[in-house]
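Engineer: Data file model_34.tsv (TSV, C-alpha atoms and all ligand atoms) is appended below.
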chain	number	residue	atom	x	y	z
A	19	MET	CA	116.14	57.76	153.58
A	20	SER	CA	114.32	60.03	156.04
A	21	ASP	CA	110.58	60.61	155.67
A	22	ARG	CA	111.46	63.97	154.06
A	23	ASP	CA	113.66	62.38	151.41
A	24	TYR	CA	112.10	61.34	148.12
A	25	ASP	CA	113.33	60.10	144.77
A	26	ILE	CA	111.15	62.52	142.83
A	27	LEU	CA	109.36	65.59	144.17
A	28	ILE	CA	106.73	67.22	141.98
A	29	VAL	CA	105.76	70.84	142.60
A	30	GLY	CA	102.11	71.33	141.61
A	31	GLY	CA	99.22	68.88	141.27
A	32	GLY	CA	97.72	69.71	137.88
A	33	PRO	CA	97.34	67.09	135.15
A	34	GLY	CA	101.07	67.17	134.32
A	35	GLY	CA	102.15	66.76	137.94
A	36	LEU	CA	99.57	64.04	138.63
A	37	ALA	CA	100.51	62.03	135.53
A	38	CYS	CA	104.17	62.38	136.50
A	39	GLY	CA	103.35	61.21	140.04
A	40	GLN	CA	101.47	58.20	138.72
A	41	TYR	CA	104.25	57.11	136.36
A	42	SER	CA	106.99	57.76	138.89
A	43	ALA	CA	105.27	55.91	141.75
A	44	ARG	CA	104.31	53.04	139.44
A	45	ALA	CA	108.00	52.76	138.49
A	46	GLY	CA	108.76	52.20	142.18
A	47	ARG	CA	110.17	55.66	142.91
A	48	LYS	CA	109.36	57.27	146.24
A	49	THR	CA	107.30	60.17	144.94
A	50	ALA	CA	105.37	63.10	146.34
A	51	ILE	CA	103.41	65.91	144.77
A	52	ILE	CA	103.46	69.15	146.76
A	53	GLU	CA	100.26	71.08	146.13
A	54	GLU	CA	99.04	74.16	147.94
A	55	MET	CA	95.28	73.99	147.22
A	56	ALA	CA	93.46	71.08	145.60
A	57	CYS	CA	94.82	68.75	142.95
A	58	GLY	CA	93.54	68.97	139.38
A	59	GLY	CA	95.00	72.34	138.38
A	60	GLN	CA	92.87	74.32	135.95
A	61	THR	CA	90.67	71.29	135.20
A	62	VAL	CA	88.73	71.97	138.40
A	63	ILE	CA	87.32	75.20	136.95
A	64	ILE	CA	86.53	73.82	133.48
A	65	ASP	CA	82.93	72.82	132.94
A	66	GLU	CA	83.45	70.13	130.29
A	67	ILE	CA	86.42	68.55	128.57
A	68	GLU	CA	85.48	66.90	125.31
A	69	ASN	CA	88.85	66.27	123.72
A	70	TYR	CA	90.71	64.00	126.14
A	71	PRO	CA	91.11	60.87	124.00
A	72	GLY	CA	88.95	57.92	124.93
A	73	LEU	CA	86.78	59.62	127.52
A	74	GLY	CA	84.10	61.39	125.49
A	75	THR	CA	82.76	64.46	127.29
A	76	VAL	CA	83.57	64.60	131.00
A	77	SER	CA	83.55	67.34	133.61
A	78	GLY	CA	86.87	69.02	134.33
A	79	TYR	CA	86.46	68.21	138.00
A	80	SER	CA	85.98	64.48	137.37
A	81	ILE	CA	89.04	64.19	135.14
A	82	GLY	CA	91.20	65.98	137.74
A	83	SER	CA	89.91	63.69	140.51
A	84	ALA	CA	90.48	60.59	138.38
A	85	PHE	CA	94.09	61.65	137.72
A	86	GLU	CA	94.64	62.17	141.45
A	87	GLU	CA	93.06	58.88	142.45
A	88	GLN	CA	95.18	56.94	139.98
A	89	ALA	CA	98.41	58.62	141.14
A	90	VAL	CA	97.60	57.89	144.79
A	91	THR	CA	96.62	54.28	143.98
A	92	PHE	CA	100.12	53.71	142.62
A	93	GLY	CA	101.64	55.08	145.84
A	94	CYS	CA	102.26	58.74	145.05
A	95	GLU	CA	101.94	60.89	148.18
A	96	ILE	CA	100.22	64.27	148.12
A	97	ILE	CA	101.68	66.86	150.50
A	98	TYR	CA	99.51	69.93	151.02
A	99	ALA	CA	101.90	72.84	151.46
A	100	THR	CA	103.03	76.01	149.73
A	101	VAL	CA	106.39	75.73	148.01
A	102	ASP	CA	108.43	78.88	148.64
A	103	LEU	CA	111.62	77.94	146.83
A	104	VAL	CA	113.48	75.07	145.23
A	105	GLU	CA	117.21	75.15	146.02
A	106	LYS	CA	119.97	73.29	144.24
A	107	ASN	CA	122.41	71.77	146.74
A	108	GLU	CA	126.15	71.40	146.29
A	109	ASP	CA	125.84	67.63	145.80
A	110	GLY	CA	123.43	68.22	142.88
A	111	SER	CA	120.27	67.27	144.80
A	112	PHE	CA	117.44	69.68	145.62
A	113	THR	CA	115.85	71.05	148.76
A	114	VAL	CA	112.23	72.06	148.33
A	115	LYS	CA	111.42	74.68	150.94
A	116	THR	CA	107.73	74.69	151.88
A	117	SER	CA	105.32	76.05	154.47
A	118	ASP	CA	105.55	72.54	155.97
A	119	GLY	CA	109.36	72.53	156.19
A	120	ASP	CA	112.04	71.22	153.84
A	121	TYR	CA	111.85	68.16	151.57
A	122	HIS	CA	114.73	66.66	149.60
A	123	ALA	CA	115.12	64.78	146.32
A	124	PRO	CA	117.71	64.22	143.59
A	125	ALA	CA	115.07	65.07	140.95
A	126	VAL	CA	112.37	67.74	141.01
A	127	VAL	CA	109.59	68.27	138.49
A	128	ILE	CA	108.03	71.73	138.21
A	129	SER	CA	104.35	71.56	137.36
A	130	THR	CA	103.19	74.90	138.68
A	131	GLY	CA	101.10	75.87	135.64
A	132	ALA	CA	100.08	79.42	134.89
A	133	LYS	CA	97.78	81.96	136.51
A	134	HIS	CA	95.29	84.16	134.68
A	135	ARG	CA	96.43	87.53	133.33
A	136	ASN	CA	94.47	90.67	134.14
A	137	LEU	CA	93.07	92.91	131.42
A	138	GLY	CA	94.63	95.88	133.19
A	139	VAL	CA	91.91	98.45	132.62
A	140	PRO	CA	90.26	100.91	135.04
A	141	GLY	CA	87.45	99.29	137.02
A	142	GLU	CA	88.77	95.72	136.72
A	143	GLU	CA	90.33	95.52	140.20
A	144	GLU	CA	87.55	97.44	141.96
A	145	LEU	CA	84.79	95.33	140.41
A	146	ARG	CA	86.51	91.94	140.77
A	147	GLY	CA	83.96	89.70	142.48
A	148	HIS	CA	81.23	92.26	141.71
A	149	GLY	CA	80.70	91.26	138.10
A	150	VAL	CA	84.31	90.91	136.98
A	151	SER	CA	85.31	87.25	136.97
A	152	TYR	CA	88.04	84.92	135.70
A	153	CYS	CA	86.10	81.65	136.07
A	154	ALA	CA	82.91	80.96	134.13
A	155	THR	CA	81.94	77.75	135.93
A	156	CYS	CA	82.46	79.40	139.33
A	157	ASP	CA	80.61	82.66	138.69
A	158	GLY	CA	78.54	82.14	135.53
A	159	PRO	CA	75.47	80.88	137.44
A	160	PHE	CA	75.23	84.28	139.21
A	161	PHE	CA	74.48	85.89	135.85
A	162	LYS	CA	71.73	83.67	134.43
A	163	ASN	CA	69.95	85.45	131.54
A	164	LYS	CA	72.11	88.54	132.09
A	165	LYS	CA	74.15	90.42	129.53
A	166	ILE	CA	77.69	89.07	129.69
A	167	LEU	CA	80.91	90.24	128.04
A	168	VAL	CA	83.76	87.78	127.53
A	169	CYS	CA	87.19	89.31	126.83
A	170	GLY	CA	89.90	87.46	124.91
A	171	GLY	CA	90.46	85.62	121.67
A	172	GLY	CA	92.12	82.34	122.74
A	173	ASP	CA	90.68	78.89	123.43
A	174	SER	CA	89.78	79.81	127.01
A	175	ALA	CA	87.72	82.88	126.07
A	176	VAL	CA	85.85	81.13	123.27
A	177	GLN	CA	85.30	77.88	125.17
A	178	GLU	CA	84.15	79.64	128.34
A	179	ALA	CA	81.86	81.88	126.26
A	180	ASN	CA	80.35	78.67	124.91
A	181	TYR	CA	79.75	77.45	128.47
A	182	LEU	CA	78.10	80.79	129.33
A	183	THR	CA	75.65	80.38	126.42
A	184	LYS	CA	74.05	77.64	128.54
A	185	LEU	CA	73.19	80.30	131.09
A	186	SER	CA	72.33	83.27	128.91
A	187	ASP	CA	71.72	84.02	125.25
A	188	LYS	CA	73.15	87.52	125.67
A	189	ILE	CA	76.85	86.72	125.34
A	190	THR	CA	79.28	89.05	123.59
A	191	VAL	CA	82.90	88.16	122.92
A	192	CYS	CA	85.32	91.05	122.58
A	193	HIS	CA	88.72	90.47	120.98
A	194	ARG	CA	91.45	93.00	120.28
A	195	ARG	CA	92.26	91.60	116.81
A	196	ASP	CA	90.17	90.74	113.74
A	197	ARG	CA	90.94	87.03	114.02
A	198	PHE	CA	90.65	84.56	116.89
A	199	ARG	CA	93.69	82.81	118.25
A	200	ALA	CA	91.39	79.96	119.38
A	201	GLN	CA	91.23	76.69	117.43
A	202	SER	CA	88.67	76.89	114.63
A	203	ALA	CA	86.65	73.94	116.01
A	204	VAL	CA	86.26	75.78	119.32
A	205	VAL	CA	85.14	78.97	117.51
A	206	LYS	CA	82.70	77.03	115.32
A	207	ALA	CA	81.13	75.37	118.36
A	208	LEU	CA	80.46	78.81	119.85
A	209	GLU	CA	79.12	80.22	116.58
A	210	ASP	CA	76.82	77.19	116.24
A	211	THR	CA	75.06	78.04	119.51
A	212	GLY	CA	73.68	81.16	117.80
A	213	LYS	CA	73.76	82.86	121.20
A	214	ALA	CA	76.96	84.86	120.94
A	215	SER	CA	77.79	88.09	119.18
A	216	PHE	CA	81.30	89.28	118.46
A	217	LYS	CA	83.16	92.56	118.81
A	218	MET	CA	86.33	92.01	116.83
A	219	ASN	CA	89.08	94.64	116.66
A	220	HIS	CA	87.83	96.09	119.93
A	221	ASN	CA	89.74	97.14	123.03
A	222	VAL	CA	88.10	97.41	126.42
A	223	LEU	CA	88.96	100.86	127.77
A	224	SER	CA	87.23	100.59	131.13
A	225	ILE	CA	84.77	98.51	133.12
A	226	ASN	CA	82.26	100.78	134.76
A	227	GLY	CA	80.24	100.15	137.92
A	228	LYS	CA	77.11	101.38	139.60
A	229	ASP	CA	76.17	100.48	143.20
A	230	ASN	CA	79.38	98.43	143.41
A	231	LYS	CA	78.37	96.18	140.47
A	232	VAL	CA	79.41	96.06	136.84
A	233	SER	CA	77.00	98.22	134.85
A	234	SER	CA	78.72	98.97	131.53
A	235	VAL	CA	81.90	98.69	129.51
A	236	THR	CA	83.61	101.38	127.44
A	237	PHE	CA	85.15	100.16	124.17
A	238	LEU	CA	87.40	101.45	121.45
A	239	ASP	CA	86.35	100.13	118.05
A	240	LYS	CA	89.75	100.04	116.36
A	241	SER	CA	88.31	99.77	112.86
A	242	THR	CA	86.43	103.09	113.18
A	243	GLY	CA	88.44	104.76	115.98
A	244	LYS	CA	85.15	105.33	117.83
A	245	GLU	CA	84.78	105.06	121.62
A	246	TYR	CA	81.42	104.02	123.02
A	247	THR	CA	79.86	102.57	126.17
A	248	GLU	CA	77.45	99.64	126.33
A	249	ASP	CA	75.56	98.14	129.27
A	250	PHE	CA	76.75	94.78	130.64
A	251	ASP	CA	76.01	92.92	133.88
A	252	ALA	CA	79.22	90.91	133.99
A	253	VAL	CA	82.67	90.76	132.40
A	254	PHE	CA	84.57	87.48	132.16
A	255	VAL	CA	88.26	87.97	131.43
A	256	PHE	CA	90.31	85.27	129.62
A	257	VAL	CA	93.31	87.08	128.20
A	258	GLY	CA	95.99	84.47	128.73
A	259	ASN	CA	98.18	83.29	131.53
A	260	ILE	CA	101.36	84.06	133.41
A	261	PRO	CA	103.64	81.05	133.97
A	262	GLN	CA	104.37	80.42	137.65
A	263	THR	CA	108.15	80.13	137.79
A	264	GLN	CA	108.92	82.02	141.01
A	265	VAL	CA	109.98	78.89	142.91
A	266	VAL	CA	112.86	78.26	140.49
A	267	PRO	CA	114.38	81.72	139.89
A	268	PHE	CA	117.63	80.17	138.62
A	269	VAL	CA	116.14	78.24	135.68
A	270	GLU	CA	116.35	79.44	132.06
A	271	LEU	CA	113.10	80.90	130.66
A	272	ASP	CA	112.03	81.69	127.10
A	273	GLU	CA	111.16	85.21	125.91
A	274	ASN	CA	107.57	84.79	127.19
A	275	GLY	CA	108.62	83.67	130.66
A	276	TYR	CA	107.95	79.93	130.20
A	277	ILE	CA	110.54	77.39	131.42
A	278	LYS	CA	112.71	76.20	128.56
A	279	THR	CA	112.82	72.41	128.25
A	280	ASP	CA	114.03	69.89	125.72
A	281	ASN	CA	111.69	67.17	124.48
A	282	CYS	CA	112.60	65.05	127.52
A	283	MET	CA	111.28	67.82	129.85
A	284	ARG	CA	114.81	68.59	131.06
A	285	THR	CA	115.37	72.22	132.03
A	286	SER	CA	118.65	74.14	131.99
A	287	VAL	CA	119.39	72.72	135.47
A	288	LYS	CA	120.44	69.09	135.85
A	289	GLY	CA	117.85	67.02	137.69
A	290	LEU	CA	115.18	69.69	137.31
A	291	PHE	CA	112.29	68.98	134.93
A	292	ALA	CA	109.22	70.99	133.93
A	293	VAL	CA	105.85	69.83	132.59
A	294	GLY	CA	102.53	71.25	131.46
A	295	ASP	CA	101.54	74.90	131.10
A	296	VAL	CA	104.63	76.28	132.84
A	297	ARG	CA	107.00	75.07	130.10
A	298	ASN	CA	107.55	76.32	126.57
A	299	THR	CA	105.23	74.01	124.71
A	300	PRO	CA	103.39	74.84	121.46
A	301	PHE	CA	100.07	73.34	122.64
A	302	ARG	CA	98.57	73.46	126.15
A	303	GLN	CA	96.01	70.73	126.74
A	304	VAL	CA	95.25	68.20	129.47
A	305	VAL	CA	96.51	65.47	127.16
A	306	THR	CA	99.81	67.24	126.42
A	307	ALA	CA	100.37	67.99	130.12
A	308	ALA	CA	99.73	64.32	130.93
A	309	SER	CA	102.16	63.27	128.23
A	310	ASP	CA	104.79	65.69	129.58
A	311	GLY	CA	104.32	64.16	133.03
A	312	ALA	CA	104.87	60.62	131.78
A	313	VAL	CA	108.00	61.63	129.87
A	314	ALA	CA	109.41	63.56	132.85
A	315	ALA	CA	108.84	60.62	135.22
A	316	HIS	CA	110.62	58.25	132.84
A	317	ILE	CA	113.59	60.54	132.18
A	318	ALA	CA	113.89	61.61	135.84
A	319	SER	CA	113.94	57.94	136.83
A	320	GLU	CA	116.74	57.25	134.35
A	321	TYR	CA	118.58	60.31	135.69
A	322	ILE	CA	118.36	58.96	139.25
A	323	ASP	CA	119.73	55.57	138.16
A	324	GLU	CA	122.58	57.36	136.41
A	325	ILE	CA	123.65	59.53	139.36
A	326	ARG	CA	123.28	56.69	141.85
A	327	LYS	CA	125.64	54.62	139.71
A	328	THR	CA	128.26	57.37	139.64
A	329	VAL	CA	127.81	59.35	142.86
A	330	TYR	CA	126.82	56.85	145.53
H	1	LIG	P1	96.03	82.45	124.99
H	1	LIG	O1	95.94	81.36	124.00
H	1	LIG	O2	97.36	83.03	125.35
H	1	LIG	O3	95.08	83.62	124.48
H	1	LIG	C1	94.99	84.84	125.15
H	1	LIG	C2	94.09	85.76	124.37
H	1	LIG	O4	93.95	86.98	125.10
H	1	LIG	C3	94.65	86.11	123.00
H	1	LIG	O5	93.61	86.09	122.05
H	1	LIG	C4	95.22	87.51	123.21
H	1	LIG	O6	95.11	88.33	122.06
H	1	LIG	C5	94.31	88.06	124.27
H	1	LIG	N1	94.98	89.06	125.10
H	1	LIG	C6	96.17	88.97	125.74
H	1	LIG	N2	96.44	90.08	126.45
H	1	LIG	C7	95.39	90.90	126.25
H	1	LIG	C8	95.09	92.22	126.71
H	1	LIG	N3	95.88	92.89	127.54
H	1	LIG	N4	93.93	92.77	126.29
H	1	LIG	C9	93.09	92.08	125.47
H	1	LIG	N5	93.32	90.85	125.00
H	1	LIG	C10	94.47	90.27	125.39
H	1	LIG	O7	95.37	82.05	126.41
H	1	LIG	P2	94.18	81.02	126.74
H	1	LIG	O8	93.05	81.20	125.83
H	1	LIG	O9	93.96	81.16	128.22
H	1	LIG	O10	94.83	79.59	126.48
H	1	LIG	C11	96.02	79.21	127.18
H	1	LIG	C12	96.48	77.85	126.64
H	1	LIG	O11	95.54	76.83	127.02
H	1	LIG	C13	96.52	77.85	125.11
H	1	LIG	O12	97.63	77.07	124.73
H	1	LIG	C14	95.22	77.17	124.72
H	1	LIG	O13	95.27	76.51	123.47
H	1	LIG	C15	95.02	76.17	125.87
H	1	LIG	N6	93.57	75.87	126.04
H	1	LIG	C16	93.01	74.90	125.26
H	1	LIG	C17	91.65	74.62	125.36
H	1	LIG	C18	91.04	73.56	124.48
H	1	LIG	O14	91.73	72.94	123.70
H	1	LIG	N7	89.75	73.31	124.49
H	1	LIG	C19	90.85	75.34	126.24
H	1	LIG	C20	91.44	76.35	127.00
H	1	LIG	C21	92.81	76.62	126.88
H	1	LIG	P3	96.00	88.05	120.74
H	1	LIG	O15	95.34	86.88	120.06
H	1	LIG	O16	95.90	89.32	120.01
H	1	LIG	O17	97.37	87.76	121.24
Please express the file's structure as structure tokens.

Structural biologist:
Amino acid sequence: MSDRDYDILIVGGGPGGLACGQYSARAGRKTAIIEEMACGGQTVIIDEIENYPGLGTVSGYSIGSAFEEQAVTFGCEIIYATVDLVEKNEDGSFTVKTSDGDYHAPAVVISTGAKHRNLGVPGEEELRGHGVSYCATCDGPFFKNKKILVCGGGDSAVQEANYLTKLSDKITVCHRRDRFRAQSAVVKALEDTGKASFKMNHNVLSINGKDNKVSSVTFLDKSTGKEYTEDFDAVFVFVGNIPQTQVVPFVELDENGYIKTDNCMRTSVKGLFAVGDVRNTPFRQVVTAASDGAVAAHIASEYIDEIRKTVY
């Protein structure tokens, strides 16, 4: 085995990839996670995680670091590089093409997660970084006691709005429907702060700026059909995610663009597995990503035993 040959290569170092790395390395497989930035995935931008079983309330950053440390302790390598493409070779193995050259393995686990979706309204692009943000823990502190709009109706929007109530009591959540998609416990926690108001059945039509900063937002109230503009200092956008599947263009996706897997994390391609937010799962949590990772490591390990028995 050359130093570029592994048993299991994991693309992406979020909770799913790190858990997979831990289980795979602990099972004695030569394992590496290829990550382009820092490990931890989306946990690094989450203020607090209060629902990972057994841990109580911990910071997102600390849980990501703990996952990484445990994977490395068991012998999982972390390679910092950008993965451009995963290629299936004629012998059934994979070549992972990266900014650091090619790596090879009989089994590859895709753990590339999902990136935030844009709202897609006038002003959003121009005012990004000037009051338009996609990360409350990163940018919230710039808007202490300011008037903040949060867009979206899922867990991210409601949970991040809750975080922002620690910085300002002028938080408004705007959702395009009359009912939140977020879990009711998450919505209740926000309501209980008493610091948020809600614009349900509202579309954002534009984000407006003055002196290169967000100054107001124009809305359509869908229940009345009325358009109006209200002053805001910042707009935080949490309107869902786009699964990052570009590195495996040959794999089967579902109608929303997530990688199709069975309950063993197998994709449509033999030897290729997918875990966490990038796959078609009904519930996206740190705990479910970690569980996916453990399952993928176990099944990928069995797969390697199987092909080594028959091929080599
Ligand atoms: P999500 O669940 O897909 O919700 C996206 C929200 O944005 C939806 O309410 C959607 O409206 C709205 N939306 C989408 N496109 C829009 C547009 N163009 N304009 C206006 N609104 C738009 O995404 P998420 O909240 O980022 O969560 C992603 C996953 O992570 C979910 O599985 C979630 O449960 C999980 N998560 C869990 C926690 C937690 O458990 N504490 C925290 C964060 C995230 P509609 O409702 O009308 O579709």

Engineer: If I take atom CA of Thr190 of chain A and atom CA of Lys213 of chain A, how far is one from the other in Å, to one decimal?

Structural biologist: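 According to the coordinates, atom CA of Thr190 of chain A and atom CA of Lys213 of chain A are separated by 8.6 Å.
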
Engineer: Neighbouring residues of ligand LIG 1 (chain H) are defined here as those with any atom at most 6 Å from a ligand atom, counting all atoms listed in the file; list them as a PyMOL selection string.

Structural biologist: chain A and resi 137+170-175+194-195+199+256-259+301-303

Engineer: Report the distance between atom CA of Lys244 of chain A and atom CA of Asn226 of chain A in Å, rounded to one decimal place.

Structural biologist: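 Here the two named atoms are 17.8 Å from each other.
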
Engineer: Could you tell me how far atom CA of Asp272 of chain A sits from atom CA of Val126 of chain A, in Å to one decimal place?

Structural biologist: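 Going from atom CA of Val126 of chain A over to atom CA of Asp272 of chain A covers 19.7 Å.
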
Engineer: Between A:Ile166, A:Ala37, A:Val76, A:Val176, which residue has the minimum interatomic distance to Phe254 of chain A, considering only C-alpha atoms?

Structural biologist: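 Answer, going by the shortest atom-to-atom distance: A:Ile166.
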
Engineer: Choose the residue, out of A:Arg22, A:Phe92, A:Cys153, A:Gly32, that has the smallest atom-to-atom separation from Asp118 of chain A; count all atoms listed in the file.

Structural biologist: A:Arg22
